[in-house]
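Next comes coords_28.cif, with mmCIF, C-alpha atoms.
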data_model
loop_
_atom_site.group_PDB
_atom_site.id
_atom_site.type_symbol
_atom_site.label_atom_id
_atom_site.label_comp_id
_atom_site.auth_asym_id
_atom_site.auth_seq_id
_atom_site.Cartn_x
_atom_site.Cartn_y
_atom_site.Cartn_z
ATOM 1 C CA MET A 410 0.000 0.000 0.000
ATOM 2 C CA SER A 411 1.564 3.262 -1.133
ATOM 3 C CA GLU A 412 2.099 6.002 1.408
ATOM 4 C CA GLN A 413 -0.270 8.946 0.994
ATOM 5 C CA VAL A 414 1.588 12.117 0.106
ATOM 6 C CA LYS A 415 0.556 15.054 2.257
ATOM 7 C CA PRO A 416 -0.026 18.328 0.422
ATOM 8 C CA THR A 417 2.608 20.982 0.928
ATOM 9 C CA ASN A 418 1.676 24.279 2.555
ATOM 10 C CA LEU A 419 1.848 25.966 -0.860
ATOM 11 C CA GLU A 420 -0.641 23.441 -2.211
ATOM 12 C CA LYS A 421 -2.874 24.150 0.784
ATOM 13 C CA PHE A 422 -2.562 27.871 0.056
ATOM 14 C CA MET A 423 -3.755 27.406 -3.527
ATOM 15 C CA LYS A 424 -6.783 25.503 -2.206
ATOM 16 C CA LEU A 425 -7.850 28.397 0.015
ATOM 17 C CA GLU A 426 -11.158 30.109 -0.663
ATOM 18 C CA GLU A 427 -10.512 32.227 -3.760
ATOM 19 C CA GLY A 428 -11.355 35.570 -2.194
ATOM 20 C CA LYS A 429 -9.020 35.051 0.758
ATOM 21 C CA ARG A 430 -6.233 33.695 -1.440
ATOM 22 C CA ASP A 431 -6.513 36.646 -3.824
ATOM 23 C CA ARG A 432 -6.426 39.142 -0.942
ATOM 24 C CA ILE A 433 -3.086 37.709 0.169
ATOM 25 C CA ILE A 434 -1.682 37.553 -3.375
ATOM 26 C CA ASN A 435 -2.827 41.079 -4.201
ATOM 27 C CA ALA A 436 -1.492 42.545 -0.963
ATOM 28 C CA ALA A 437 1.867 40.868 -1.569
ATOM 29 C CA MET A 438 2.018 41.993 -5.213
ATOM 30 C CA LYS A 439 1.266 45.559 -4.175
ATOM 31 C CA GLU A 440 4.010 45.569 -1.550
ATOM 32 C CA PHE A 441 6.626 43.761 -3.643
ATOM 33 C CA SER A 442 6.053 46.096 -6.598
ATOM 34 C CA TYR A 443 8.433 48.492 -4.762
ATOM 35 C CA GLY A 444 11.141 45.824 -4.745
ATOM 36 C CA TYR A 445 12.019 42.861 -2.542
ATOM 37 C CA LYS A 446 14.236 44.754 -0.104
ATOM 38 C CA LYS A 447 11.697 47.499 0.585
ATOM 39 C CA ALA A 448 8.754 45.105 0.975
ATOM 40 C CA SER A 449 7.371 44.567 4.476
ATOM 41 C CA THR A 450 5.494 41.453 5.547
ATOM 42 C CA ASP A 451 3.829 43.601 8.233
ATOM 43 C CA ALA A 452 2.324 45.740 5.474
ATOM 44 C CA ILE A 453 1.250 42.644 3.547
ATOM 45 C CA VAL A 454 -0.636 41.038 6.450
ATOM 46 C CA LYS A 455 -2.248 44.368 7.351
ATOM 47 C CA GLU A 456 -3.428 44.891 3.768
ATOM 48 C CA ALA A 457 -4.649 41.286 3.470
ATOM 49 C CA GLY A 458 -6.360 41.311 6.863
ATOM 50 C CA ILE A 459 -4.596 38.208 8.166
ATOM 51 C CA SER A 460 -2.130 37.385 10.931
ATOM 52 C CA LYS A 461 1.586 37.137 10.307
ATOM 53 C CA GLY A 462 1.449 33.614 11.719
ATOM 54 C CA LEU A 463 -0.983 32.565 8.986
ATOM 55 C CA LEU A 464 1.210 34.099 6.278
ATOM 56 C CA TYR A 465 4.240 32.194 7.571
ATOM 57 C CA HIS A 466 2.163 29.025 7.843
ATOM 58 C CA TYR A 467 1.899 28.983 4.049
ATOM 59 C CA PHE A 468 5.214 30.670 3.232
ATOM 60 C CA VAL A 469 8.145 29.893 5.494
ATOM 61 C CA SER A 470 10.007 33.076 4.541
ATOM 62 C CA LYS A 471 9.653 36.391 2.761
ATOM 63 C CA GLU A 472 11.880 35.000 0.008
ATOM 64 C CA GLN A 473 9.622 31.989 -0.547
ATOM 65 C CA LEU A 474 6.575 34.270 -0.817
ATOM 66 C CA TYR A 475 8.412 36.473 -3.333
ATOM 67 C CA THR A 476 9.493 33.465 -5.403
ATOM 68 C CA PHE A 477 5.957 32.093 -5.370
ATOM 69 C CA LEU A 478 4.547 35.418 -6.583
ATOM 70 C CA ILE A 479 7.031 35.588 -9.450
ATOM 71 C CA ARG A 480 6.172 32.094 -10.641
ATOM 72 C CA TYR A 481 2.460 32.781 -10.189
ATOM 73 C CA ALA A 482 2.668 35.985 -12.265
ATOM 74 C CA ILE A 483 4.722 34.332 -15.010
ATOM 75 C CA ASP A 484 2.319 31.375 -15.259
ATOM 76 C CA LEU A 485 -0.688 33.690 -15.387
ATOM 77 C CA LEU A 486 0.749 35.925 -18.100
ATOM 78 C CA GLU A 487 2.081 33.020 -20.161
ATOM 79 C CA ARG A 488 -1.286 31.266 -20.067
ATOM 80 C CA ASP A 489 -3.309 34.288 -21.113
ATOM 81 C CA TYR A 490 -0.915 35.826 -23.633
ATOM 82 C CA TYR A 491 0.446 32.734 -25.384
ATOM 83 C CA GLU A 492 -2.513 32.197 -27.688
ATOM 84 C CA MET A 493 -2.768 35.900 -28.516
ATOM 85 C CA PHE A 494 0.911 36.208 -29.405
ATOM 86 C CA SER A 495 0.689 33.223 -31.745
ATOM 87 C CA GLN A 496 -2.261 34.479 -33.788
ATOM 88 C CA ASN A 497 -0.258 36.723 -36.161
ATOM 89 C CA GLN A 498 -3.018 39.308 -36.185
ATOM 90 C CA GLN A 499 -2.663 41.491 -39.283
ATOM 91 C CA ASP A 500 -4.483 44.478 -37.849
ATOM 92 C CA ILE A 501 -2.195 45.605 -35.028
ATOM 93 C CA LEU A 502 -4.879 47.919 -33.620
ATOM 94 C CA GLU A 503 -7.110 44.874 -33.243
ATOM 95 C CA SER A 504 -4.260 43.227 -31.343
ATOM 96 C CA PHE A 505 -4.020 46.238 -29.035
ATOM 97 C CA TRP A 506 -7.788 46.043 -28.499
ATOM 98 C CA GLN A 507 -7.531 42.390 -27.473
ATOM 99 C CA ILE A 508 -4.512 43.069 -25.227
ATOM 100 C CA ALA A 509 -6.322 45.931 -23.472
ATOM 101 C CA LEU A 510 -9.356 43.734 -22.831
ATOM 102 C CA LEU A 511 -7.135 40.950 -21.522
ATOM 103 C CA LYS A 512 -5.302 43.354 -19.203
ATOM 104 C CA LYS A 513 -8.625 44.586 -17.867
ATOM 105 C CA ASP A 514 -9.779 41.023 -17.162
ATOM 106 C CA ILE A 515 -6.504 40.173 -15.408
ATOM 107 C CA THR A 516 -6.431 43.330 -13.285
ATOM 108 C CA ALA A 517 -10.031 42.802 -12.244
ATOM 109 C CA GLN A 518 -8.713 39.828 -10.242
ATOM 110 C CA HIS A 519 -5.161 41.045 -9.585
ATOM 111 C CA PRO A 520 -5.047 44.873 -9.691
ATOM 112 C CA PHE A 521 -1.322 45.115 -8.937
ATOM 113 C CA LEU A 522 -0.032 42.338 -11.195
ATOM 114 C CA TYR A 523 1.436 44.659 -13.835
ATOM 115 C CA ASP A 524 2.977 46.950 -11.209
ATOM 116 C CA PHE A 525 4.535 43.855 -9.672
ATOM 117 C CA ALA A 526 5.786 42.575 -13.043
ATOM 118 C CA ASN A 527 7.285 45.958 -13.932
ATOM 119 C CA GLY A 528 8.909 46.089 -10.501
ATOM 120 C CA LEU A 529 10.590 42.748 -11.170
ATOM 121 C CA TYR A 530 12.446 44.166 -14.151
ATOM 122 C CA ALA A 531 13.328 47.321 -12.226
ATOM 123 C CA HIS A 532 14.709 45.292 -9.297
ATOM 124 C CA ILE A 533 15.841 42.132 -11.097
ATOM 125 C CA ALA A 534 19.013 41.974 -8.987
ATOM 126 C CA ASP A 535 16.773 41.189 -5.995
ATOM 127 C CA VAL A 536 15.314 38.052 -7.611
ATOM 128 C CA PRO A 537 16.775 35.141 -5.601
ATOM 129 C CA ASP A 538 16.613 32.363 -8.205
ATOM 130 C CA ALA A 539 18.863 32.466 -11.301
ATOM 131 C CA LYS A 540 16.440 30.203 -13.197
ATOM 132 C CA ILE A 541 13.633 32.680 -12.598
ATOM 133 C CA ILE A 542 15.825 35.534 -13.832
ATOM 134 C CA SER A 543 16.421 33.612 -17.044
ATOM 135 C CA GLN A 544 12.696 32.971 -17.450
ATOM 136 C CA LEU A 545 11.904 36.643 -16.860
ATOM 137 C CA GLU A 546 14.408 37.643 -19.520
ATOM 138 C CA GLN A 547 12.820 35.174 -21.951
ATOM 139 C CA GLU A 548 9.377 36.595 -21.194
ATOM 140 C CA HIS A 549 10.614 40.132 -21.781
ATOM 141 C CA GLN A 550 12.151 39.059 -25.085
ATOM 142 C CA MET A 551 8.897 37.385 -26.145
ATOM 143 C CA TYR A 552 6.924 40.603 -25.580
ATOM 144 C CA ALA A 553 9.550 42.643 -27.440
ATOM 145 C CA GLU A 554 9.478 40.240 -30.376
ATOM 146 C CA PHE A 555 5.694 40.445 -30.508
ATOM 147 C CA TYR A 556 5.891 44.130 -31.400
ATOM 148 C CA ASP A 557 8.938 43.707 -33.645
ATOM 149 C CA GLN A 558 7.208 40.997 -35.676
ATOM 150 C CA CYS A 559 3.845 42.729 -36.005
ATOM 151 C CA ASP A 560 2.518 43.096 -39.524
ATOM 152 C CA THR A 561 2.702 46.809 -40.265
ATOM 153 C CA SER A 562 1.372 46.594 -43.828
ATOM 154 C CA LEU A 563 -1.678 48.656 -42.877
ATOM 155 C CA PHE A 564 0.456 51.586 -41.692
ATOM 156 C CA ARG A 565 1.122 54.572 -43.907
ATOM 157 C CA ASP A 566 4.437 54.362 -45.720
ATOM 158 C CA ASP A 567 5.506 57.903 -44.763
ATOM 159 C CA ILE A 568 5.686 57.322 -40.981
ATOM 160 C CA ASP A 569 8.085 55.447 -38.715
ATOM 161 C CA HIS A 570 6.170 52.243 -37.906
ATOM 162 C CA ARG A 571 8.182 51.472 -34.754
ATOM 163 C CA LYS A 572 7.518 54.921 -33.338
ATOM 164 C CA ALA A 573 3.828 54.655 -34.227
ATOM 165 C CA ILE A 574 3.616 51.362 -32.324
ATOM 166 C CA ASP A 575 5.411 52.934 -29.347
ATOM 167 C CA ILE A 576 2.954 55.853 -29.324
ATOM 168 C CA ILE A 577 -0.024 53.495 -29.422
ATOM 169 C CA SER A 578 1.390 51.205 -26.731
ATOM 170 C CA TYR A 579 2.376 54.055 -24.395
ATOM 171 C CA THR A 580 -0.982 55.804 -24.767
ATOM 172 C CA LEU A 581 -3.087 52.701 -24.209
ATOM 173 C CA ASP A 582 -0.962 51.503 -21.279
ATOM 174 C CA ASN A 583 -1.468 54.853 -19.558
ATOM 175 C CA LEU A 584 -5.181 54.892 -20.407
ATOM 176 C CA LEU A 585 -5.649 51.469 -18.855
ATOM 177 C CA SER A 586 -3.550 52.423 -15.831
ATOM 178 C CA ASP A 587 -5.733 55.496 -15.229
ATOM 179 C CA GLU A 588 -8.916 53.450 -15.542
ATOM 180 C CA GLU A 589 -7.533 50.760 -13.231
ATOM 181 C CA GLY A 590 -6.788 53.428 -10.627
ATOM 182 C CA LYS A 591 -10.338 54.707 -10.820
ATOM 183 C CA ALA A 592 -11.720 51.172 -10.549
ATOM 184 C CA ILE A 593 -9.532 50.371 -7.520
ATOM 185 C CA SER A 594 -10.652 53.592 -5.796
ATOM 186 C CA ALA A 595 -14.275 52.699 -6.512
ATOM 187 C CA GLY A 596 -13.853 49.175 -5.131
ATOM 188 C CA GLY A 597 -13.856 47.373 -8.487
ATOM 189 C CA TRP A 598 -15.030 47.555 -12.064
ATOM 190 C CA GLU A 599 -18.723 48.366 -12.451
ATOM 191 C CA ASP A 600 -20.674 47.676 -15.639
ATOM 192 C CA ASP A 601 -21.041 51.371 -16.467
ATOM 193 C CA SER A 602 -17.356 52.158 -15.809
ATOM 194 C CA TYR A 603 -16.347 49.206 -17.988
ATOM 195 C CA GLU A 604 -18.570 50.419 -20.832
ATOM 196 C CA ARG A 605 -17.088 53.914 -20.525
ATOM 197 C CA PHE A 606 -13.624 52.404 -20.703
ATOM 198 C CA LEU A 607 -14.545 50.482 -23.872
ATOM 199 C CA ASP A 608 -16.008 53.611 -25.485
ATOM 200 C CA THR A 609 -12.862 55.593 -24.631
ATOM 201 C CA LEU A 610 -10.640 52.802 -25.930
ATOM 202 C CA ARG A 611 -12.568 52.621 -29.210
ATOM 203 C CA GLY A 612 -12.202 56.387 -29.572
ATOM 204 C CA TYR A 613 -8.426 56.230 -29.216
ATOM 205 C CA LEU A 614 -8.152 53.328 -31.657
ATOM 206 C CA ASP A 615 -10.264 55.233 -34.210
ATOM 207 C CA ILE A 616 -7.893 58.209 -33.898
ATOM 208 C CA PHE A 617 -4.842 55.980 -34.337
ATOM 209 C CA ARG A 618 -6.451 54.301 -37.332
ATOM 210 C CA THR A 619 -7.096 57.705 -38.940
ATOM 211 C CA CYS A 620 -3.614 59.053 -38.200
ATOM 212 C CA PHE A 621 -1.423 56.017 -38.835
ATOM 213 C CA TYR A 622 -3.240 53.744 -41.301
ATOM 214 C CA LYS A 623 -3.384 54.012 -45.058
ATOM 215 C CA LYS A 624 -6.575 55.455 -46.448
ATOM 216 C CA GLU A 625 -8.973 52.781 -47.583
ATOM 217 C CA ASP A 626 -9.778 52.771 -51.307
ATOM 218 C CA ASN A 627 -13.362 53.720 -52.077
#
Is it possible to give me this structure as structure tokens?
Amino acid sequence: MSEQVKPTNLEKFMKLEEGKRDRIINAAMKEFSYGYKKASTDAIVKEAGISKGLLYHYFVSKEQLYTFLIRYAIDLLERDYYEMFSQNQQDILESFWQIALLKKDITAQHPFLYDFANGLYAHIADVPDAKIISQLEQEHQMYAEFYDQCDTSLFRDDIDHRKAIDIISYTLDNLLSDEEGKAISAGGWEDDSYERFLDTLRGYLDIFRTCFYKKEDN
């Protein structure tokens, strides 16, 4: 008779009630977005509304929690972006539309995920595992290649396509960040705020299409 394998504390953590688990993950992502060294477990437990003893029941150290969050973020982004990046969408503005919607869906559950991910690159020297550093660098390269390999055949010939893509990306990233901030302050995305976001996003994409795309033949 084989010996029954007991679940690890990390496995127990992932089986927690979703709302409680997400509160802990989100509080930790928010705090670690400022870097590993500056992060405080006291701030994390206060934000999550749990005891420090419970946090250390699931994660034996601050480093283990940080490593878990990195792997969790990478797995989440790889899962949701992989299919999109492999579609070879001809209309890059349609790709930006899909990416913006995906970011909204992700941040509805994890509002600080992108702040945390950006913080990883800013404080990559703090990442404790060399294998994770390598994986992060591969992820960063994948995102860079996505934009480099985009089909720009719809763009006007008299503009710099790379700069046009940068303008679009920068504008939409900041638009989404502003809307996320409003949603967080309001306690979450409401149906009317989401519809306003979509209307605003469509408006920006229409402007980009007019400014950067070739005129359609009548």
Please write as a short mmCIF file (atom, residue, chain, number, x, y, z; two decimals) with C-alpha atoms, in the frame of the given file the full residue list that the PyMOL selection byres ((chain A and resi 443) around 12) yields on this file.
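See result.cif below for the written result:
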data_model
loop_
_atom_site.label_atom_id
_atom_site.label_comp_id
_atom_site.auth_asym_id
_atom_site.auth_seq_id
_atom_site.Cartn_x
_atom_site.Cartn_y
_atom_site.Cartn_z
CA ALA A 437 1.87 40.87 -1.57
CA MET A 438 2.02 41.99 -5.21
CA LYS A 439 1.27 45.56 -4.18
CA GLU A 440 4.01 45.57 -1.55
CA PHE A 441 6.63 43.76 -3.64
CA SER A 442 6.05 46.10 -6.60
CA GLY A 444 11.14 45.82 -4.74
CA TYR A 445 12.02 42.86 -2.54
CA LYS A 446 14.24 44.75 -0.10
CA LYS A 447 11.70 47.50 0.58
CA ALA A 448 8.75 45.10 0.98
CA SER A 449 7.37 44.57 4.48
CA PHE A 521 -1.32 45.12 -8.94
CA ASP A 524 2.98 46.95 -11.21
CA PHE A 525 4.54 43.86 -9.67
CA ALA A 526 5.79 42.58 -13.04
CA ASN A 527 7.28 45.96 -13.93
CA GLY A 528 8.91 46.09 -10.50
CA LEU A 529 10.59 42.75 -11.17
CA TYR A 530 12.45 44.17 -14.15
CA ALA A 531 13.33 47.32 -12.23
CA HIS A 532 14.71 45.29 -9.30
CA ILE A 533 15.84 42.13 -11.10
CA ASP A 535 16.77 41.19 -6.00
#
Reference answer for the PyMOL selection byres ((chain A and resi 574-579) around 9), as an NGL selection string: :A and (501-502 or 505 or 556 or 569-573 or 580-584 or 613-614 or 617)
How would the residues just chosen look if you wrote them out with C-alpha atoms as a compact mmCIF listing (two decimals), keeping the file's coordinate frame?
# COMPACT_ATOMS: atom_id res chain seq x y z
CA ILE A 501 -2.19 45.60 -35.03
CA LEU A 502 -4.88 47.92 -33.62
CA PHE A 505 -4.02 46.24 -29.04
CA TYR A 556 5.89 44.13 -31.40
CA ASP A 569 8.09 55.45 -38.72
CA HIS A 570 6.17 52.24 -37.91
CA ARG A 571 8.18 51.47 -34.75
CA LYS A 572 7.52 54.92 -33.34
CA ALA A 573 3.83 54.66 -34.23
CA THR A 580 -0.98 55.80 -24.77
CA LEU A 581 -3.09 52.70 -24.21
CA ASP A 582 -0.96 51.50 -21.28
CA ASN A 583 -1.47 54.85 -19.56
CA LEU A 584 -5.18 54.89 -20.41
CA TYR A 613 -8.43 56.23 -29.22
CA LEU A 614 -8.15 53.33 -31.66
CA PHE A 617 -4.84 55.98 -34.34
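Within 6 Å of Ile453 in chain A, once only C-alpha atoms are used and residues closer than 3 positions along the same chain are dropped, the contacting residues are Ala436, Ala437, Thr450 and Glu456 of chain A.
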Point-to-point distance in Å for CA of Tyr523 in chain A and CA of Tyr467 in chain A: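 Rounded to one decimal, the two atoms are 23.8 Å apart.
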Coordinates-based distance that separates CA of Asp451 in chain A from CA of Gly590 in chain A (Å, one decimal): 23.8 Å
From A:Arg605, A:His466, A:Arg618, A:His519, residue lying nearest Tyr481 in chain A [only C-alpha atoms]: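 Checking each of A:Arg605, A:His466, A:Arg618, A:His519 against Tyr481 in chain A, counting only C-alpha atoms, the winner is A:His519.
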Atomic separation - CA of Ala509 in chain A relative to CA of Phe564 in chain A, Å: 20.2 Å
From A:Pro520, A:Ala452, A:Leu474, A:Ile479, residue lying nearest Asp431 in chain A [all atoms listed in the file]: A:Pro520
Nearest to Ser586 in chain A, chosen from A:Cys559, A:Leu522, A:Ile434, A:Ile568, with only C-alpha atoms counted in the distances: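 With only C-alpha atoms as the atom set, the closest residue is A:Leu522.
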Counting only C-alpha atoms, the option among A:Lys471, A:Ser602, A:Leu511, A:Ala517 closest to Val454 in chain A: A:Lys471
